[in-house]
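Here is the file run18.cif (mmCIF, C-alpha atoms).
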data_data
loop_
_atom_site.label_atom_id
_atom_site.label_comp_id
_atom_site.auth_asym_id
_atom_site.auth_seq_id
_atom_site.Cartn_x
_atom_site.Cartn_y
_atom_site.Cartn_z
CA MET D 293 0.00 0.00 0.00
CA GLU D 294 1.07 3.51 -0.67
CA LEU D 295 0.48 4.50 2.91
CA SER D 296 3.26 2.14 3.93
CA GLY D 297 5.56 4.78 2.45
CA LEU D 298 4.69 6.75 5.51
CA MET D 299 6.51 4.20 7.60
CA VAL D 300 9.55 4.45 5.37
CA LEU D 301 9.63 8.16 5.49
CA THR D 302 9.13 8.38 9.21
CA PRO D 303 12.59 7.08 10.15
CA ALA D 304 14.17 9.33 7.52
CA LEU D 305 12.36 12.20 9.04
CA CYS D 306 13.54 11.26 12.43
CA LEU D 307 17.13 11.09 11.25
CA CYS D 308 16.94 14.41 9.58
CA SER D 309 15.14 15.98 12.42
CA MET D 310 18.49 16.45 14.06
CA ASP D 311 19.21 19.20 11.56
CA LYS D 312 16.06 20.96 10.60
CA ASP D 313 17.69 23.30 8.16
CA SER D 314 19.31 20.61 6.02
CA PRO D 315 18.08 20.41 2.42
CA ASP D 316 17.37 16.68 2.72
CA VAL D 317 14.66 17.39 5.24
CA HIS D 318 12.97 19.77 2.86
CA GLN D 319 13.17 17.21 0.07
CA ASP D 320 11.69 14.52 2.24
CA LEU D 321 8.97 16.84 3.41
CA ASN D 322 8.07 17.71 -0.18
CA ALA D 323 8.04 14.05 -1.10
CA LEU D 324 5.79 13.39 1.86
CA LYS D 325 3.41 16.14 0.80
CA THR D 326 3.25 14.71 -2.72
CA LYS D 327 2.53 11.28 -1.34
CA PHE D 328 -0.24 12.66 0.83
CA GLN D 329 -1.80 14.39 -2.17
CA GLU D 330 -1.68 11.22 -4.25
CA MET D 331 -3.13 9.31 -1.35
CA ARG D 332 -6.04 11.75 -1.14
CA LYS D 333 -6.75 11.31 -4.86
CA VAL D 334 -6.67 7.53 -4.61
CA VAL D 335 -8.89 7.49 -1.53
CA SER D 336 -11.48 9.81 -3.12
CA ALA D 337 -11.67 7.48 -6.14
CA MET D 338 -12.22 4.37 -4.04
CA PRO D 339 -15.70 2.92 -4.55
CA GLY D 340 -18.15 2.35 -1.76
CA ILE D 341 -16.70 4.76 0.79
CA HIS D 342 -19.29 7.52 0.33
CA LEU D 343 -21.53 5.66 2.75
CA SER D 344 -20.81 4.66 6.27
CA PRO D 345 -20.40 0.92 6.84
CA GLU D 346 -23.75 0.74 8.68
CA ARG D 347 -25.66 2.53 5.89
CA GLN D 348 -23.93 0.34 3.34
CA GLN D 349 -24.98 -2.81 5.18
CA GLN D 350 -28.57 -1.53 5.35
CA GLN D 351 -28.61 -0.85 1.61
CA LEU D 352 -27.10 -4.25 0.89
CA HIS D 353 -29.74 -5.92 3.01
CA ARG D 354 -32.50 -3.92 1.25
CA LEU D 355 -31.21 -4.91 -2.20
CA ARG D 356 -31.05 -8.58 -1.27
CA GLU D 357 -34.62 -8.39 0.04
CA GLN D 358 -35.79 -6.75 -3.21
CA VAL D 359 -34.21 -9.43 -5.34
CA ARG D 360 -35.73 -12.19 -3.19
CA THR D 361 -39.23 -10.66 -3.28
CA LYS D 362 -39.19 -10.10 -7.03
CA ASN D 363 -37.94 -13.63 -7.65
CA GLU D 364 -40.79 -15.00 -5.56
CA LEU D 365 -43.35 -12.88 -7.42
CA LEU D 366 -42.14 -13.99 -10.83
CA GLN D 367 -41.99 -17.61 -9.75
CA LYS D 368 -45.52 -17.40 -8.37
CA TYR D 369 -47.10 -16.03 -11.55
CA LYS D 370 -45.11 -18.18 -13.96
CA SER D 371 -45.96 -21.39 -12.15
CA LEU D 372 -49.61 -20.44 -11.61
CA CYS D 373 -52.00 -22.16 -14.04
CA MET D 374 -55.47 -20.73 -13.52
CA PHE D 375 -57.08 -22.48 -16.46
CA GLU D 376 -57.30 -26.15 -17.14
CA ILE D 377 -56.54 -26.67 -20.79
CA PRO D 378 -58.88 -29.40 -22.02
CA LYS D 379 -57.23 -32.27 -23.78
CA GLU D 380 -58.55 -32.53 -27.30
CA MET K 242 25.34 26.30 29.76
CA LEU K 243 26.22 22.73 29.16
CA ALA K 244 23.46 21.64 31.50
CA ILE K 245 20.91 23.85 29.66
CA SER K 246 21.93 22.46 26.27
CA ARG K 247 21.67 18.89 27.61
CA ASN K 248 18.18 19.66 28.95
CA GLN K 249 17.21 21.17 25.61
CA LYS K 250 18.47 18.06 23.79
CA LEU K 251 16.55 15.80 26.20
CA LEU K 252 13.35 17.81 25.62
CA GLN K 253 13.81 17.63 21.85
CA SER K 254 14.30 13.88 21.93
CA GLY K 255 11.19 13.56 24.11
CA GLU K 256 9.11 15.55 21.64
CA GLU K 257 10.47 13.60 18.73
CA ASN K 258 9.52 10.38 20.50
CA GLN K 259 6.01 11.69 21.01
CA VAL K 260 5.77 12.74 17.39
CA LEU K 261 7.04 9.35 16.31
CA GLU K 262 4.56 7.58 18.52
CA LEU K 263 1.75 9.73 17.13
CA LEU K 264 2.89 8.97 13.62
CA ILE K 265 3.01 5.26 14.30
CA HIS K 266 -0.43 5.42 15.85
CA ARG K 267 -1.82 7.34 12.88
CA ASP K 268 -0.25 4.85 10.53
CA GLY K 269 -1.97 2.05 12.37
CA GLU K 270 -5.28 3.86 12.10
CA PHE K 271 -4.73 4.40 8.41
CA GLN K 272 -4.06 0.71 7.94
CA GLU K 273 -7.30 -0.17 9.70
CA LEU K 274 -9.24 2.36 7.64
CA MET K 275 -7.71 1.01 4.46
CA LYS K 276 -8.87 -2.49 5.32
CA LEU K 277 -12.33 -1.12 6.01
CA ALA K 278 -12.32 0.80 2.71
CA LEU K 279 -11.32 -2.33 0.79
CA ASN K 280 -14.10 -4.26 2.48
CA GLN K 281 -16.59 -1.53 1.61
CA GLY K 282 -15.35 -1.65 -1.96
CA LYS K 283 -16.17 -5.37 -2.15
CA ILE K 284 -19.61 -4.74 -0.67
CA HIS K 285 -20.13 -1.94 -3.18
CA HIS K 286 -19.30 -4.33 -6.01
CA GLU K 287 -21.82 -6.85 -4.63
CA MET K 288 -24.43 -4.10 -4.41
CA GLN K 289 -23.85 -3.23 -8.06
CA VAL K 290 -24.45 -6.86 -9.04
CA LEU K 291 -27.64 -6.92 -6.97
CA GLU K 292 -28.84 -3.66 -8.57
CA LYS K 293 -28.39 -5.19 -12.04
CA GLU K 294 -30.42 -8.21 -10.95
CA VAL K 295 -33.13 -5.94 -9.60
CA GLU K 296 -33.28 -4.11 -12.95
CA LYS K 297 -33.59 -7.41 -14.81
CA ARG K 298 -36.39 -8.58 -12.51
CA ASP K 299 -38.15 -5.24 -12.98
CA SER K 300 -38.12 -5.65 -16.77
CA ASP K 301 -39.41 -9.24 -16.39
CA ILE K 302 -42.23 -8.01 -14.16
CA GLN K 303 -43.14 -5.28 -16.66
CA GLN K 304 -43.24 -7.84 -19.47
CA LEU K 305 -45.48 -10.09 -17.38
CA GLN K 306 -47.70 -7.14 -16.56
CA LYS K 307 -48.16 -6.36 -20.28
CA GLN K 308 -49.07 -9.97 -21.02
CA LEU K 309 -51.55 -10.07 -18.14
CA LYS K 310 -53.14 -6.85 -19.38
CA GLU K 311 -53.56 -8.29 -22.88
CA ALA K 312 -55.05 -11.48 -21.44
CA GLU K 313 -57.45 -9.42 -19.35
CA GLN K 314 -58.66 -7.53 -22.44
CA ILE K 315 -59.14 -10.74 -24.41
CA LEU K 316 -61.01 -12.36 -21.56
CA ALA K 317 -63.21 -9.31 -21.03
CA THR K 318 -64.18 -9.34 -24.71
CA ALA K 319 -64.89 -13.06 -24.62
CA VAL K 320 -67.02 -12.75 -21.48
CA TYR K 321 -68.98 -9.85 -22.96
CA GLN K 322 -69.67 -11.76 -26.18
CA ALA K 323 -70.68 -14.85 -24.22
CA LYS K 324 -73.12 -12.78 -22.13
CA GLU K 325 -74.63 -11.26 -25.27
CA LYS K 326 -75.06 -14.74 -26.74
CA LEU K 327 -76.71 -15.97 -23.56
CA LYS K 328 -79.11 -13.02 -23.69
CA SER K 329 -80.04 -13.76 -27.29
CA ILE K 330 -80.49 -17.47 -26.42
CA GLU K 331 -82.81 -16.53 -23.56
CA LYS K 332 -84.71 -14.16 -25.83
CA ALA K 333 -85.09 -16.85 -28.48
CA ARG K 334 -86.33 -19.34 -25.88
CA LYS K 335 -88.99 -16.88 -24.68
CA GLY K 336 -90.25 -16.21 -28.21
CA ALA K 337 -90.05 -19.80 -29.42
CA VAL K 338 -92.06 -20.64 -32.55
CA SER K 339 -92.95 -24.14 -33.59
CA SER K 340 -91.19 -25.45 -36.63
CA GLU K 341 -94.46 -26.42 -38.25
CA GLU K 342 -95.68 -22.81 -38.24
CA ILE K 343 -92.41 -21.62 -39.73
CA ILE K 344 -92.66 -24.22 -42.48
CA LYS K 345 -96.28 -23.20 -43.19
CA TYR K 346 -95.29 -19.56 -43.52
CA ALA K 347 -92.40 -20.54 -45.74
CA HIS K 348 -94.79 -22.40 -48.01
CA ARG K 349 -97.13 -19.40 -48.19
CA ILE K 350 -94.30 -17.01 -49.02
CA SER K 351 -92.84 -19.24 -51.66
CA ALA K 352 -96.29 -20.02 -53.19
CA SER K 353 -96.59 -16.41 -54.40
CA ASN K 354 -93.31 -16.72 -56.32
CA ALA K 355 -91.85 -13.93 -54.19
CA VAL K 356 -88.48 -15.62 -53.57
CA CYS K 357 -87.96 -17.39 -56.87
CA ALA K 358 -89.40 -16.97 -60.36
CA PRO K 359 -91.63 -19.80 -61.57
CA LEU K 360 -89.96 -22.29 -63.84
CA THR K 361 -92.07 -21.23 -66.83
CA TRP K 362 -91.29 -17.52 -66.44
CA VAL K 363 -89.79 -15.87 -69.51
CA PRO K 364 -89.02 -12.22 -70.26
CA GLY K 365 -92.28 -10.60 -71.19
CA ASP K 366 -94.26 -12.58 -68.64
CA PRO K 367 -96.34 -10.05 -66.71
CA ARG K 368 -96.18 -12.09 -63.51
CA ARG K 369 -94.28 -10.33 -60.79
CA PRO K 370 -93.20 -11.27 -57.26
CA TYR K 371 -95.50 -8.56 -55.95
CA PRO K 372 -99.22 -8.02 -56.60
CA THR K 373 -99.68 -6.24 -59.91
CA ASP K 374 -102.38 -3.66 -60.72
CA LEU K 375 -104.53 -6.33 -62.30
CA GLU K 376 -104.37 -8.58 -59.31
CA MET K 377 -105.08 -5.73 -56.91
CA ARG K 378 -108.09 -4.60 -58.92
CA SER K 379 -109.40 -8.12 -59.01
CA GLY K 380 -109.08 -8.43 -55.27
CA LEU K 381 -111.58 -7.48 -52.59
CA LEU K 382 -110.24 -3.96 -52.10
CA GLY K 383 -110.33 -3.28 -55.82
CA GLN K 384 -113.90 -4.53 -56.07
CA MET K 385 -114.93 -2.38 -53.15
CA ASN K 386 -113.46 0.76 -54.70
CA ASN K 387 -114.78 0.10 -58.22
CA PRO K 388 -118.35 -1.10 -57.96
CA SER K 389 -118.89 -0.54 -61.74
CA THR K 390 -116.65 -3.47 -62.59
CA ASN K 391 -118.57 -5.92 -60.48
CA GLY K 392 -119.15 -8.96 -62.70
CA VAL K 393 -121.84 -9.32 -65.42
CA ASN K 394 -125.40 -7.96 -64.92
CA GLY K 395 -124.53 -6.58 -61.58
CA HIS K 396 -123.10 -9.79 -60.23
CA LEU K 397 -119.92 -9.55 -58.16
CA PRO K 398 -116.86 -11.52 -59.09
CA GLY K 399 -117.59 -13.64 -56.08
CA ASP K 400 -120.88 -14.64 -57.69
CA ALA K 401 -119.08 -15.47 -60.88
CA LEU K 402 -116.66 -17.59 -58.89
CA ALA K 403 -119.48 -19.33 -57.14
CA ALA K 404 -121.18 -19.91 -60.52
CA GLY K 405 -118.07 -21.52 -61.82
CA ARG K 406 -117.24 -18.75 -64.29
CA LEU K 407 -114.21 -16.46 -64.35
CA PRO K 408 -114.96 -12.83 -63.53
CA ASP K 409 -114.46 -10.48 -66.49
CA VAL K 410 -111.55 -8.82 -64.74
CA LEU K 411 -109.64 -12.08 -64.72
CA ALA K 412 -110.65 -13.09 -68.25
CA PRO K 413 -107.65 -13.25 -70.59
CA GLN K 414 -107.36 -9.79 -72.12
CA TYR K 415 -103.98 -10.03 -73.80
CA PRO K 416 -102.79 -12.55 -76.32
CA TRP K 417 -100.00 -13.81 -74.16
CA GLN K 418 -102.36 -14.53 -71.30
CA SER K 419 -102.95 -18.24 -71.29
CA ASN K 420 -105.58 -20.23 -69.46
CA ASP K 421 -103.02 -21.40 -66.90
CA MET K 422 -101.99 -17.88 -66.10
CA ALA K 423 -105.58 -16.75 -65.65
CA VAL K 424 -106.24 -19.74 -63.46
CA ASN K 425 -103.13 -19.02 -61.41
CA MET K 426 -104.48 -15.57 -60.61
CA LEU K 427 -107.33 -17.18 -58.72
CA PRO K 428 -107.16 -18.49 -55.20
CA PRO K 429 -105.89 -22.03 -55.12
CA ASN K 430 -109.25 -23.62 -54.37
CA HIS K 431 -110.82 -22.19 -57.52
CA SER K 432 -108.05 -22.91 -59.95
CA SER K 433 -109.35 -26.31 -60.98
CA ASP K 434 -112.99 -25.31 -61.33
CA PHE K 435 -112.78 -23.62 -64.75
CA VAL K 436 -112.28 -24.69 -68.33
CA LEU K 437 -111.45 -21.76 -70.51
CA GLU K 438 -111.24 -21.33 -74.25
CA PRO K 439 -107.82 -20.25 -75.39
CA PRO K 440 -107.89 -16.64 -76.57
CA GLY K 441 -107.04 -15.76 -80.13
CA HIS K 442 -103.48 -14.72 -80.76
CA ASN K 443 -102.88 -11.33 -82.21
CA LYS K 444 -99.36 -10.71 -83.39
CA GLU K 445 -99.76 -6.96 -83.27
CA ASN K 446 -100.80 -7.14 -79.69
CA GLU K 447 -97.87 -9.41 -78.92
CA ASP K 448 -95.48 -6.85 -80.36
CA ASP K 449 -97.18 -4.16 -78.34
CA VAL K 450 -96.83 -6.26 -75.23
CA GLU K 451 -93.19 -6.96 -75.91
CA VAL K 452 -92.62 -3.26 -76.34
CA MET K 453 -94.62 -2.56 -73.23
CA SER K 454 -92.79 -5.12 -71.17
CA THR K 455 -89.41 -3.87 -72.23
CA ASP K 456 -90.37 -0.21 -71.98
CA SER K 457 -88.26 1.32 -69.28
CA SER K 458 -90.93 3.88 -68.48
CA SER K 459 -93.38 1.22 -67.44
CA SER K 460 -93.91 1.22 -63.74
CA SER K 461 -94.65 -2.44 -63.31
CA SER K 462 -92.15 -3.92 -65.72
CA ASP K 463 -88.89 -4.86 -64.15
CA SER K 464 -86.18 -6.52 -66.15
CA ASP K 465 -84.77 -9.57 -64.37
#
Now that the file is in, can you turn its structure into structure tokens?
Amino acid sequence: MELSGLMVLTPALCLCSMDKDSPDVHQDLNALKTKFQEMRKVVSAMPGIHLSPERQQQQLHRLREQVRTKNELLQKYKSLCMFEIPKE
Amino acid sequence: MLAISRNQKLLQSGEENQVLELLIHRDGEFQELMKLALNQGKIHHEMQVLEKEVEKRDSDIQQLQKQLKEAEQILATAVYQAKEKLKSIEKARKGAVSSEEIIKYAHRISASNAVCAPLTWVPGDPRRPYPTDLEMRSGLLGQMNNPSTNGVNGHLPGDALAAGRLPDVLAPQYPWQSNDMAVNMLPPNHSSDFVLEPPGHNKENEDDVEVMSTDSSSSSSDSD
């Protein structure tokens, strides 16, 4: 995962934190910012996260119930023979 | 001075440790959230599949609804027609007529040659499927309206009939009128009571009759 880069950067940051004015720190900080921005883009494009997990479960349950009910309705009317067809 | 700098370094290392711990903690939270997001992504994919199935079922239900509607219309028409037929059957049962009466009426209608020309009919024959002027005048109404034409010596055609003679009105007046035709003009019970002399043929009169019968201005002639 891209977020694991955070763990890689963290020790580098710690090492450079000894000298805050060194150019390496600035480079690492910029790289970190870029990674954060990319991470935000990726996360916003992820499907299914616009709903909370509870709402998502409710919607999933509702959809399953709809499919089951409609299947039962279709099965009922297709298998129902109201007229007896006389054998000629 | 050295002590102050050592304290400052100790404080800095403490802060850095806190920052590191916070970072590690945040990273852990991010990992958890990422797992949750992936799980939600799978659920979202399953929901999309279910939505497609729901759409397909909806179209199947709409198709079934159309077919049921058509069947309902057909059945409604059939039931209406059956009810109308039952009504007409009931009406026919209430006004039932015996077959013998119907056959009698059929005989009467066909006896006047109203439905089919007689076998001996030819163009020029004055007989018509409806009563002609001659026949109407020789009937009861005609005799009532024209008392001057009542038989010979004041006798009514009925007297002539009773005497066994043809009334003058029915006597053959035209060359093409034969005895059979004159007899046919009478009621059926009198047709066999008379023996008539055949009238003389006049060719001029025949031509006149042919012209008359084919004349389009004639009211009674009707080309068949």
Gap from atom CA of K:Asp366 to atom CA of K:Gly383 - Å, one decimal: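 Atom-to-atom, atom CA of K:Asp366 to atom CA of K:Gly383, that is 22.6 Å.
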Residues returned when the PyMOL selection byres ((chain K) within 9 of (chain D)) runs on this file, as a list in words: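 In the shown coordinates, the PyMOL selection byres ((chain K) within 9 of (chain D)) covers Glu257, Leu261, Leu264, Ile265, Asp268, Phe271, Gln272, Met275, Leu277, Ala278, Leu279, Asn280, Gln281, Gly282, Lys283, Ile284, His285, His286, Glu287, Met288, Leu291, Glu292, Glu294, Val295, Arg298, Asp299, Asp301, Ile302 and Leu305 of chain K.
Between atom CA of K:Tyr371 and atom CA of K:Ser353 there is a distance of 8.1 Å.
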Between atom CA of K:Val290 and atom CA of D:Glu357, distance in Å (one decimal):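 Interatomic distance, atom CA of K:Val290 to atom CA of D:Glu357: 13.7 Å.
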Pull out stretch 322-344 of chain K, keep N, CA, C and O atoms, and write it as a tab-separated table (two decimals), in the first residue's frame.
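Dumped everything to selection13.tsv:
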chain	number	residue	atom	x	y	z
K	322	GLN	N	-69.02	-11.09	-25.06
K	322	GLN	CA	-69.67	-11.76	-26.18
K	322	GLN	C	-70.48	-12.96	-25.71
K	322	GLN	O	-71.59	-13.21	-26.21
K	323	ALA	N	-69.95	-13.69	-24.74
K	323	ALA	CA	-70.68	-14.85	-24.22
K	323	ALA	C	-71.97	-14.40	-23.55
K	323	ALA	O	-73.03	-15.02	-23.70
K	324	LYS	N	-71.91	-13.29	-22.79
K	324	LYS	CA	-73.12	-12.78	-22.13
K	324	LYS	C	-74.15	-12.34	-23.16
K	324	LYS	O	-75.35	-12.61	-23.00
K	325	GLU	N	-73.69	-11.69	-24.22
K	325	GLU	CA	-74.63	-11.26	-25.27
K	325	GLU	C	-75.30	-12.47	-25.91
K	325	GLU	O	-76.50	-12.47	-26.19
K	326	LYS	N	-74.51	-13.52	-26.13
K	326	LYS	CA	-75.06	-14.74	-26.74
K	326	LYS	C	-76.08	-15.39	-25.80
K	326	LYS	O	-77.13	-15.87	-26.24
K	327	LEU	N	-75.76	-15.40	-24.51
K	327	LEU	CA	-76.71	-15.97	-23.56
K	327	LEU	C	-78.02	-15.18	-23.56
K	327	LEU	O	-79.11	-15.75	-23.47
K	328	LYS	N	-77.89	-13.84	-23.66
K	328	LYS	CA	-79.11	-13.02	-23.69
K	328	LYS	C	-79.95	-13.35	-24.91
K	328	LYS	O	-81.17	-13.48	-24.83
K	329	SER	N	-79.28	-13.48	-26.07
K	329	SER	CA	-80.04	-13.76	-27.29
K	329	SER	C	-80.64	-15.16	-27.23
K	329	SER	O	-81.74	-15.40	-27.72
K	330	ILE	N	-79.93	-16.11	-26.58
K	330	ILE	CA	-80.49	-17.47	-26.42
K	330	ILE	C	-81.75	-17.41	-25.55
K	330	ILE	O	-82.77	-18.03	-25.86
K	331	GLU	N	-81.66	-16.64	-24.47
K	331	GLU	CA	-82.81	-16.53	-23.56
K	331	GLU	C	-84.00	-15.88	-24.28
K	331	GLU	O	-85.14	-16.30	-24.12
K	332	LYS	N	-83.67	-14.85	-25.08
K	332	LYS	CA	-84.71	-14.16	-25.83
K	332	LYS	C	-85.37	-15.09	-26.83
K	332	LYS	O	-86.59	-15.11	-27.00
K	333	ALA	N	-84.56	-15.90	-27.49
K	333	ALA	CA	-85.09	-16.85	-28.48
K	333	ALA	C	-85.96	-17.89	-27.79
K	333	ALA	O	-87.00	-18.32	-28.32
K	334	ARG	N	-85.53	-18.32	-26.59
K	334	ARG	CA	-86.33	-19.34	-25.88
K	334	ARG	C	-87.70	-18.78	-25.51
K	334	ARG	O	-88.71	-19.47	-25.59
K	335	LYS	N	-87.71	-17.48	-25.10
K	335	LYS	CA	-88.99	-16.88	-24.68
K	335	LYS	C	-89.94	-16.75	-25.87
K	335	LYS	O	-91.14	-16.96	-25.74
K	336	GLY	N	-89.40	-16.40	-27.04
K	336	GLY	CA	-90.25	-16.21	-28.21
K	336	GLY	C	-90.16	-17.40	-29.14
K	336	GLY	O	-90.02	-17.25	-30.34
K	337	ALA	N	-90.21	-18.60	-28.59
K	337	ALA	CA	-90.05	-19.80	-29.42
K	337	ALA	C	-91.25	-19.98	-30.33
K	337	ALA	O	-92.39	-19.75	-29.95
K	338	VAL	N	-91.00	-20.39	-31.57
K	338	VAL	CA	-92.06	-20.64	-32.55
K	338	VAL	C	-91.91	-22.08	-33.01
K	338	VAL	O	-90.80	-22.56	-33.21
K	339	SER	N	-93.04	-22.73	-33.19
K	339	SER	CA	-92.95	-24.14	-33.59
K	339	SER	C	-92.44	-24.23	-35.02
K	339	SER	O	-92.70	-23.37	-35.86
K	340	SER	N	-91.77	-25.30	-35.30
K	340	SER	CA	-91.19	-25.45	-36.63
K	340	SER	C	-92.26	-25.63	-37.68
K	340	SER	O	-92.12	-25.21	-38.83
K	341	GLU	N	-93.38	-26.21	-37.28
K	341	GLU	CA	-94.46	-26.42	-38.25
K	341	GLU	C	-95.01	-25.09	-38.74
K	341	GLU	O	-95.27	-24.92	-39.94
K	342	GLU	N	-95.18	-24.13	-37.82
K	342	GLU	CA	-95.68	-22.81	-38.24
K	342	GLU	C	-94.70	-22.14	-39.18
K	342	GLU	O	-95.09	-21.52	-40.16
K	343	ILE	N	-93.42	-22.26	-38.86
K	343	ILE	CA	-92.41	-21.62	-39.73
K	343	ILE	C	-92.46	-22.25	-41.11
K	343	ILE	O	-92.39	-21.54	-42.13
K	344	ILE	N	-92.63	-23.55	-41.17
K	344	ILE	CA	-92.66	-24.22	-42.48
K	344	ILE	C	-93.93	-23.81	-43.24
K	344	ILE	O	-93.91	-23.58	-44.46
